[in-house]
Every structure is written in structure tokens, then in C-alpha cells.
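> Provided herewith: upload_7.cif, mmCIF, C-alpha atoms.
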data_structure
#
loop_
_atom_site.group_PDB
_atom_site.id
_atom_site.type_symbol
_atom_site.label_atom_id
_atom_site.label_comp_id
_atom_site.auth_asym_id
_atom_site.auth_seq_id
_atom_site.Cartn_x
_atom_site.Cartn_y
_atom_site.Cartn_z
ATOM 1 C CA MET A 1 2.890 -17.560 -2.933
ATOM 2 C CA ILE A 2 0.050 -17.444 -0.411
ATOM 3 C CA ASP A 3 -1.571 -20.849 -0.097
ATOM 4 C CA ALA A 4 -4.119 -20.039 2.592
ATOM 5 C CA ILE A 5 -4.910 -17.504 5.291
ATOM 6 C CA LYS A 6 -7.484 -17.566 8.095
ATOM 7 C CA LEU A 7 -9.000 -14.113 7.982
ATOM 8 C CA PRO A 8 -10.804 -14.427 11.356
ATOM 9 C CA GLY A 9 -7.357 -14.524 12.981
ATOM 10 C CA LEU A 10 -6.591 -10.976 11.817
ATOM 11 C CA ARG A 11 -7.459 -7.804 13.714
ATOM 12 C CA ASN A 12 -9.766 -5.402 11.893
ATOM 13 C CA GLY A 13 -6.958 -3.127 10.703
ATOM 14 C CA GLU A 14 -4.819 -6.082 9.621
ATOM 15 C CA PHE A 15 -7.781 -7.617 7.814
ATOM 16 C CA SER A 16 -8.472 -4.442 5.873
ATOM 17 C CA GLN A 17 -4.770 -3.969 5.012
ATOM 18 C CA PHE A 18 -4.450 -7.593 3.860
ATOM 19 C CA ILE A 19 -7.404 -7.238 1.489
ATOM 20 C CA LEU A 20 -5.893 -4.082 -0.016
ATOM 21 C CA ASP A 21 -2.459 -5.689 -0.353
ATOM 22 C CA PHE A 22 -4.043 -8.706 -2.025
ATOM 23 C CA LEU A 23 -5.998 -6.526 -4.462
ATOM 24 C CA ALA A 24 -2.807 -4.645 -5.367
ATOM 25 C CA PHE A 25 -1.014 -7.969 -5.954
ATOM 26 C CA VAL A 26 -3.766 -9.268 -8.250
ATOM 27 C CA SER A 27 -3.973 -5.925 -10.035
ATOM 28 C CA LYS A 28 -0.263 -6.139 -10.914
ATOM 29 C CA GLY A 29 -0.864 -9.551 -12.470
ATOM 30 C CA ASN A 30 -3.836 -8.151 -14.424
ATOM 31 C CA PRO A 31 -7.158 -9.665 -13.282
ATOM 32 C CA GLN A 32 -8.266 -10.117 -16.888
ATOM 33 C CA THR A 33 -5.161 -12.114 -17.784
ATOM 34 C CA LEU A 34 -5.622 -14.202 -14.634
ATOM 35 C CA LYS A 35 -9.311 -14.682 -15.546
ATOM 36 C CA VAL A 36 -10.516 -13.458 -12.168
ATOM 37 C CA MET A 37 -12.003 -10.088 -13.135
ATOM 38 C CA GLU A 38 -15.460 -10.862 -11.731
ATOM 39 C CA GLU A 39 -14.051 -12.051 -8.406
ATOM 40 C CA TYR A 40 -11.575 -9.156 -8.300
ATOM 41 C CA ASN A 41 -14.337 -6.579 -8.798
ATOM 42 C CA ALA A 42 -16.488 -8.236 -6.134
ATOM 43 C CA LEU A 43 -13.664 -8.110 -3.594
ATOM 44 C CA LEU A 44 -12.823 -4.534 -4.602
ATOM 45 C CA GLU A 45 -16.415 -3.518 -3.855
ATOM 46 C CA LYS A 46 -16.319 -5.218 -0.445
ATOM 47 C CA SER A 47 -12.971 -3.566 0.280
ATOM 48 C CA GLY A 48 -14.550 -0.140 -0.221
ATOM 49 C CA LYS A 49 -17.293 -1.031 2.244
ATOM 50 C CA ILE A 50 -14.722 -2.294 4.758
ATOM 51 C CA GLU A 51 -12.685 0.892 4.492
ATOM 52 C CA GLY A 52 -15.848 2.926 5.033
ATOM 53 C CA LEU A 53 -16.356 1.171 8.373
ATOM 54 C CA PHE A 54 -13.043 2.537 9.597
ATOM 55 C CA LYS A 55 -13.697 6.182 8.705
ATOM 56 C CA GLN A 56 -13.799 8.464 11.729
ATOM 57 C CA PRO A 57 -15.407 11.859 12.164
ATOM 58 C CA GLN A 58 -12.979 14.607 11.176
ATOM 59 C CA GLY A 59 -13.090 15.923 14.744
ATOM 60 C CA SER A 60 -11.253 12.854 16.071
ATOM 61 C CA VAL A 61 -7.888 13.719 17.634
ATOM 62 C CA ILE A 62 -6.320 10.635 16.057
ATOM 63 C CA THR A 63 -7.799 11.518 12.660
ATOM 64 C CA ASP A 64 -6.256 14.997 12.836
ATOM 65 C CA GLU A 65 -2.883 13.446 13.693
ATOM 66 C CA LEU A 66 -3.309 10.945 10.872
ATOM 67 C CA ILE A 67 -3.967 13.679 8.332
ATOM 68 C CA GLY A 68 -0.808 15.526 9.428
ATOM 69 C CA ILE A 69 1.378 12.439 9.111
ATOM 70 C CA ASP A 70 -0.215 11.560 5.776
ATOM 71 C CA GLN A 71 0.853 15.011 4.548
ATOM 72 C CA ARG A 72 4.362 14.370 5.881
ATOM 73 C CA ARG A 73 4.777 11.134 3.935
ATOM 74 C CA ASP A 74 3.146 12.672 0.832
ATOM 75 C CA ASP A 75 5.635 15.549 0.939
ATOM 76 C CA ALA A 76 8.548 13.156 1.438
ATOM 77 C CA PHE A 77 7.613 10.933 -1.487
ATOM 78 C CA THR A 78 6.727 13.859 -3.749
ATOM 79 C CA GLY A 79 10.046 15.570 -2.994
ATOM 80 C CA TYR A 80 11.919 12.320 -3.516
ATOM 81 C CA SER A 81 10.178 11.775 -6.870
ATOM 82 C CA PHE A 82 10.876 15.327 -8.062
ATOM 83 C CA ILE A 83 14.583 15.003 -7.267
ATOM 84 C CA VAL A 84 14.750 11.691 -9.135
ATOM 85 C CA THR A 85 12.962 13.225 -12.121
ATOM 86 C CA GLY A 86 15.392 16.169 -12.080
ATOM 87 C CA TYR A 87 18.366 13.828 -12.253
ATOM 88 C CA THR A 88 16.952 12.170 -15.392
ATOM 89 C CA TYR A 89 18.107 15.365 -17.159
ATOM 90 C CA SER A 90 21.638 15.169 -15.721
ATOM 91 C CA SER A 91 24.610 15.356 -18.049
ATOM 92 C CA ASP A 92 26.374 12.850 -15.768
ATOM 93 C CA PRO A 93 25.636 9.452 -17.359
ATOM 94 C CA VAL A 94 25.942 7.579 -14.035
ATOM 95 C CA LYS A 95 23.452 9.849 -12.270
ATOM 96 C CA LYS A 96 21.123 9.898 -15.250
ATOM 97 C CA ALA A 97 21.100 6.083 -15.414
ATOM 98 C CA ALA A 98 20.455 5.849 -11.659
ATOM 99 C CA ALA A 99 17.584 8.334 -11.902
ATOM 100 C CA LEU A 100 15.978 6.520 -14.824
ATOM 101 C CA LEU A 101 16.202 3.235 -12.919
ATOM 102 C CA LEU A 102 14.482 4.754 -9.868
ATOM 103 C CA LYS A 103 11.857 6.517 -11.967
ATOM 104 C CA ASN A 104 10.989 3.268 -13.745
ATOM 105 C CA HIS A 105 10.773 1.561 -10.366
ATOM 106 C CA PHE A 106 8.256 4.137 -9.101
ATOM 107 C CA SER A 107 6.181 3.989 -12.289
ATOM 108 C CA GLY A 108 5.721 0.248 -11.796
ATOM 109 C CA TYR A 109 3.513 1.083 -8.813
ATOM 110 C CA GLY A 110 1.172 3.326 -10.766
ATOM 111 C CA LYS A 111 0.587 7.059 -11.018
ATOM 112 C CA ALA A 112 -0.490 9.515 -8.321
ATOM 113 C CA ILE A 113 0.485 7.204 -5.445
ATOM 114 C CA THR A 114 -0.067 9.989 -2.921
ATOM 115 C CA ASN A 115 -3.693 10.315 -4.081
ATOM 116 C CA ASP A 116 -4.513 6.686 -3.294
ATOM 117 C CA ASN A 117 -6.680 5.852 -0.291
ATOM 118 C CA PHE A 118 -4.856 5.700 3.041
ATOM 119 C CA GLN A 119 -4.309 1.943 3.177
ATOM 120 C CA SER A 120 -3.393 1.501 -0.466
ATOM 121 C CA GLU A 121 -0.771 4.262 -0.230
ATOM 122 C CA THR A 122 0.626 2.690 2.942
ATOM 123 C CA ALA A 123 1.054 -0.665 1.225
ATOM 124 C CA THR A 124 2.550 0.880 -1.934
ATOM 125 C CA LEU A 125 5.098 3.038 -0.107
ATOM 126 C CA ARG A 126 6.057 0.103 2.120
ATOM 127 C CA ASN A 127 6.721 -2.033 -0.965
ATOM 128 C CA ILE A 128 8.658 0.732 -2.726
ATOM 129 C CA VAL A 129 10.937 1.282 0.292
ATOM 130 C CA LYS A 130 11.416 -2.472 0.705
ATOM 131 C CA ASP A 131 12.609 -2.665 -2.909
ATOM 132 C CA LEU A 132 14.953 0.282 -2.308
ATOM 133 C CA ASP A 133 16.392 -1.519 0.720
ATOM 134 C CA ASP A 134 16.616 -5.016 -0.780
ATOM 135 C CA LYS A 135 17.443 -4.749 -4.482
ATOM 136 C CA PRO A 136 21.178 -4.087 -5.025
ATOM 137 C CA GLU A 137 20.708 -2.066 -8.223
ATOM 138 C CA LEU A 138 18.213 0.233 -6.477
ATOM 139 C CA VAL A 139 20.413 0.521 -3.381
ATOM 140 C CA ASN A 140 23.259 1.631 -5.652
ATOM 141 C CA ALA A 141 21.006 4.104 -7.491
ATOM 142 C CA VAL A 142 19.871 5.727 -4.225
ATOM 143 C CA SER A 143 23.505 5.981 -3.139
ATOM 144 C CA ALA A 144 24.635 7.437 -6.462
ATOM 145 C CA LEU A 145 22.094 10.250 -6.147
ATOM 146 C CA GLY A 146 22.622 10.815 -2.411
ATOM 147 C CA LEU A 147 18.974 10.129 -1.624
ATOM 148 C CA ALA A 148 19.364 8.038 1.537
ATOM 149 C CA GLU A 149 17.842 10.755 3.766
ATOM 150 C CA TRP A 150 14.833 11.198 1.489
ATOM 151 C CA LYS A 151 14.259 7.441 1.398
ATOM 152 C CA ALA A 152 14.532 7.306 5.204
ATOM 153 C CA GLU A 153 11.950 10.095 5.551
ATOM 154 C CA VAL A 154 9.497 8.275 3.275
ATOM 155 C CA LYS A 155 9.987 5.118 5.346
ATOM 156 C CA THR A 156 9.645 6.928 8.689
ATOM 157 C CA GLY A 157 6.548 8.871 7.633
ATOM 158 C CA ASN A 158 4.878 5.787 6.204
ATOM 159 C CA THR A 159 5.677 3.645 9.262
ATOM 160 C CA LEU A 160 4.294 6.324 11.595
ATOM 161 C CA PHE A 161 1.186 6.586 9.479
ATOM 162 C CA GLY A 162 0.648 2.816 9.533
ATOM 163 C CA ASP A 163 1.036 2.693 13.304
ATOM 164 C CA ILE A 164 -1.429 5.527 13.900
ATOM 165 C CA TYR A 165 -3.887 4.142 11.348
ATOM 166 C CA LEU A 166 -3.957 0.849 13.248
ATOM 167 C CA LYS A 167 -4.401 2.752 16.502
ATOM 168 C CA ARG A 168 -7.415 4.503 15.028
ATOM 169 C CA ALA A 169 -8.779 1.194 13.703
ATOM 170 C CA GLU A 170 -8.404 -0.373 17.146
ATOM 171 C CA GLU A 171 -10.178 2.624 18.704
ATOM 172 C CA THR A 172 -13.259 1.773 16.646
ATOM 173 C CA GLY A 173 -12.785 -1.996 16.623
ATOM 174 C CA ASN A 174 -15.700 -2.688 18.952
ATOM 175 C CA ASN A 175 -18.001 -0.627 16.787
ATOM 176 C CA THR A 176 -17.063 -2.392 13.561
ATOM 177 C CA ASP A 177 -16.866 -6.069 14.568
ATOM 178 C CA ASP A 178 -20.516 -6.829 13.836
ATOM 179 C CA SER A 179 -20.473 -4.815 10.613
ATOM 180 C CA LEU A 180 -17.407 -6.653 9.328
ATOM 181 C CA ARG A 181 -19.066 -9.981 10.064
ATOM 182 C CA ASP A 182 -21.879 -8.874 7.766
ATOM 183 C CA LEU A 183 -19.405 -8.719 4.862
ATOM 184 C CA PRO A 184 -18.423 -12.374 4.302
ATOM 185 C CA ILE A 185 -15.449 -12.948 2.048
ATOM 186 C CA LYS A 186 -15.874 -16.190 0.113
ATOM 187 C CA PRO A 187 -13.097 -18.158 -1.618
ATOM 188 C CA ILE A 188 -12.264 -16.101 -4.679
ATOM 189 C CA MET A 189 -9.203 -17.484 -6.412
ATOM 190 C CA ASN A 190 -8.239 -20.828 -7.886
ATOM 191 C CA TYR A 191 -6.230 -20.541 -11.047
ATOM 192 C CA GLY A 192 -3.067 -21.765 -12.696
ATOM 193 C CA THR A 193 -1.014 -24.167 -10.641
ATOM 194 C CA GLY A 194 -1.746 -22.521 -7.295
ATOM 195 C CA SER A 195 -4.704 -21.314 -5.331
ATOM 196 C CA ILE A 196 -5.619 -18.764 -2.711
ATOM 197 C CA HIS A 197 -8.335 -19.550 -0.211
ATOM 198 C CA PHE A 198 -10.167 -17.266 2.211
ATOM 199 C CA TRP A 199 -12.367 -18.507 5.046
#
Represent the structure of the file as C-alpha cells.


Amino acid sequence: MIDAIKLPGLRNGEFSQFILDFLAFVSKGNPQTLKVMEEYNALLEKSGKIEGLFKQPQGSVITDELIGIDQRRDDAFTGYSFIVTGYTYSSDPVKKAAALLLKNHFSGYGKAITNDNFQSETATLRNIVKDLDDKPELVNAVSALGLAEWKAEVKTGNTLFGDIYLKRAEETGNNTDDSLRDLPIKPIMNYGTGSIHFW
């Protein structure tokens, strides 16, 4: 559990990604259940403004590269998902069980992942691949369906995208520093037995 983080110590791109990761984490726990809906919505609104500060004109060389790599990772994940869905109809009980396990894993991250905003998709795909690498039952399911290459392509495409996104954020860092300082993030969470502080 995160106890505290000093946001001023993060670079602009890291700051923006952290906020999105945090929102995704709270969303999974259900803001209403956690009784932080008002704070969640306030941070969500600020997150949209922060992301807007990083948007580049479409003529940017880096933006064009970013769009191409975003399509690459979208294609990889979409293809991967379609293959998994196809195997849910397999007459082989082992493959069918593996496919259902993977499909349920994907669904836990929401629908239309590839339609999410750039940063949210990056965080989601990173978490999905981490699960596929770390959880034995998912590792076995990927192996049973022979999907190691597809998983690797999702990981490679997403990592490349993250690297280039940060490069683009750094390119505009000087232009956004003052604007980001105008969007103060106050402490927003303190519930249950733990707390999360921002300053």
C-alpha cells in the first residue's frame, strides 16, 4: 500500500502517469464503496486537465511516431484477445479452460482497453502483462495456448509507446511546468486503516 509520495519529485510525465495509475487503482476498489467519490471525481477532473497540457500538435514528428506505435500495441492486444476468445470455443478442455482464465483476466481491466486515453491504456497493458508474467496460472494458460509471442508483442509495443510518450512529455516539459503548478493536488484520501497523502 502507498503510504505517501512527494509529487514534486516526479517529472511531468511520471506525475501524469502516477495520477492515472492511482485513479485506476481507486476505480477497481469502487470509489463509492471506499467513500471517496467526491475526491475521486475531483482528481479525475484535474487529471484530464493535466493530460491536456501534454497534447502536441498533430504535426509533431514524435506525435506521428507515437500514433504509429499506439496502433502497433492496439493491434497486438486486439489480436491476442481474439485468439483467446476463439479458444473459449475449443473442444479441448485444457485449452478451453486456459482461454476462459485469460479472458476473465482481461475483463477484470474493463472493456475497450484500446480505446482508453494514451496513459490509461499504457498502465492497463503494463499491469496485464505483469500478471501474465508473474501469476503461475496465467503463465501456464499462455503456454497452453502457445501465446508467448503475442504476449511479447503486446509488452514490446507498450514499452516502446511508454518510452516515446515520456520523450514527448519531456520535449514539452518547459512549456508545461508553470501550468502544472497551477493545478495543485491536495490530500485526497484517508480511509480505513491506511491513508494516502499527496503534497

> Enclose segment 111-115 of chain A, meaning all of its atoms listed in the file, in a box aligned along x, y and z, pad it by 5 Å on each side, and list the centre and edge lengths in Å to one decimal, as lines of an AutoDock Vina configuration file.


center_x = -1.6
center_y = 8.7
center_z = -7.0
size_x = 14.3
size_y = 13.3
size_z = 18.1

> Can you measure atom CA of Leu100 of chain A to atom CA of Ala141 of chain A for me? One decimal in Å is fine.

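Answer for the atom CA of Leu100 of chain A to atom CA of Ala141 of chain A separation: 9.2 Å.
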
> Between A:Ile19, A:Ala76, A:Ala42, A:Ala24, which is the closest to Gly110 of chain A once you count all atoms listed in the file?

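Between A:Ile19, A:Ala76, A:Ala42, A:Ala24, the residue approaching Gly110 of chain A most closely is A:Ala24.
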
> Near Leu125 of chain A, within 9 Å and counting all atoms listed in the file, which residues show up once chain neighbours fewer than 5 positions away are dropped, as a list in words?

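Within the cut-off, the hits are Phe77, Ile113, Ser120, Lys130, Val154, Lys155 and Asn158 of chain A.
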
> Just checking: using all atoms listed in the file, which residue out of A:Phe118, A:Phe22, A:Tyr109, A:Phe161 ends up closest to Glu51 of chain A?

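Result for the nearest residue to Glu51 of chain A: A:Phe118.
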
> Hey, can you check how far atom CA of Gln71 of chain A sits from atom CA of Leu101 of chain A?

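Distance reported for this atom pair: 26.1 Å.
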
> Using the chain letters and numbers from the file, give me the residues hit by the PyMOL selection byres ((chain A and resi 140) around 12), as a ChimeraX atom specification.

/A:94-95,97-99,101-102,131-139,141-148

> State, in Å with one decimal place, the distance from atom CA of Lys96 of chain A to atom CA of Gly79 of chain A.

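Spanning atom CA of Lys96 of chain A to atom CA of Gly79 of chain A is a straight-line distance of 17.5 Å.
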
> Given all atoms listed in the file as the basis, pick out the residue of A:Val36, A:Phe25, A:Lys103, A:Ala152 nearest to Gly86 of chain A.

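Closest candidate: A:Lys103.
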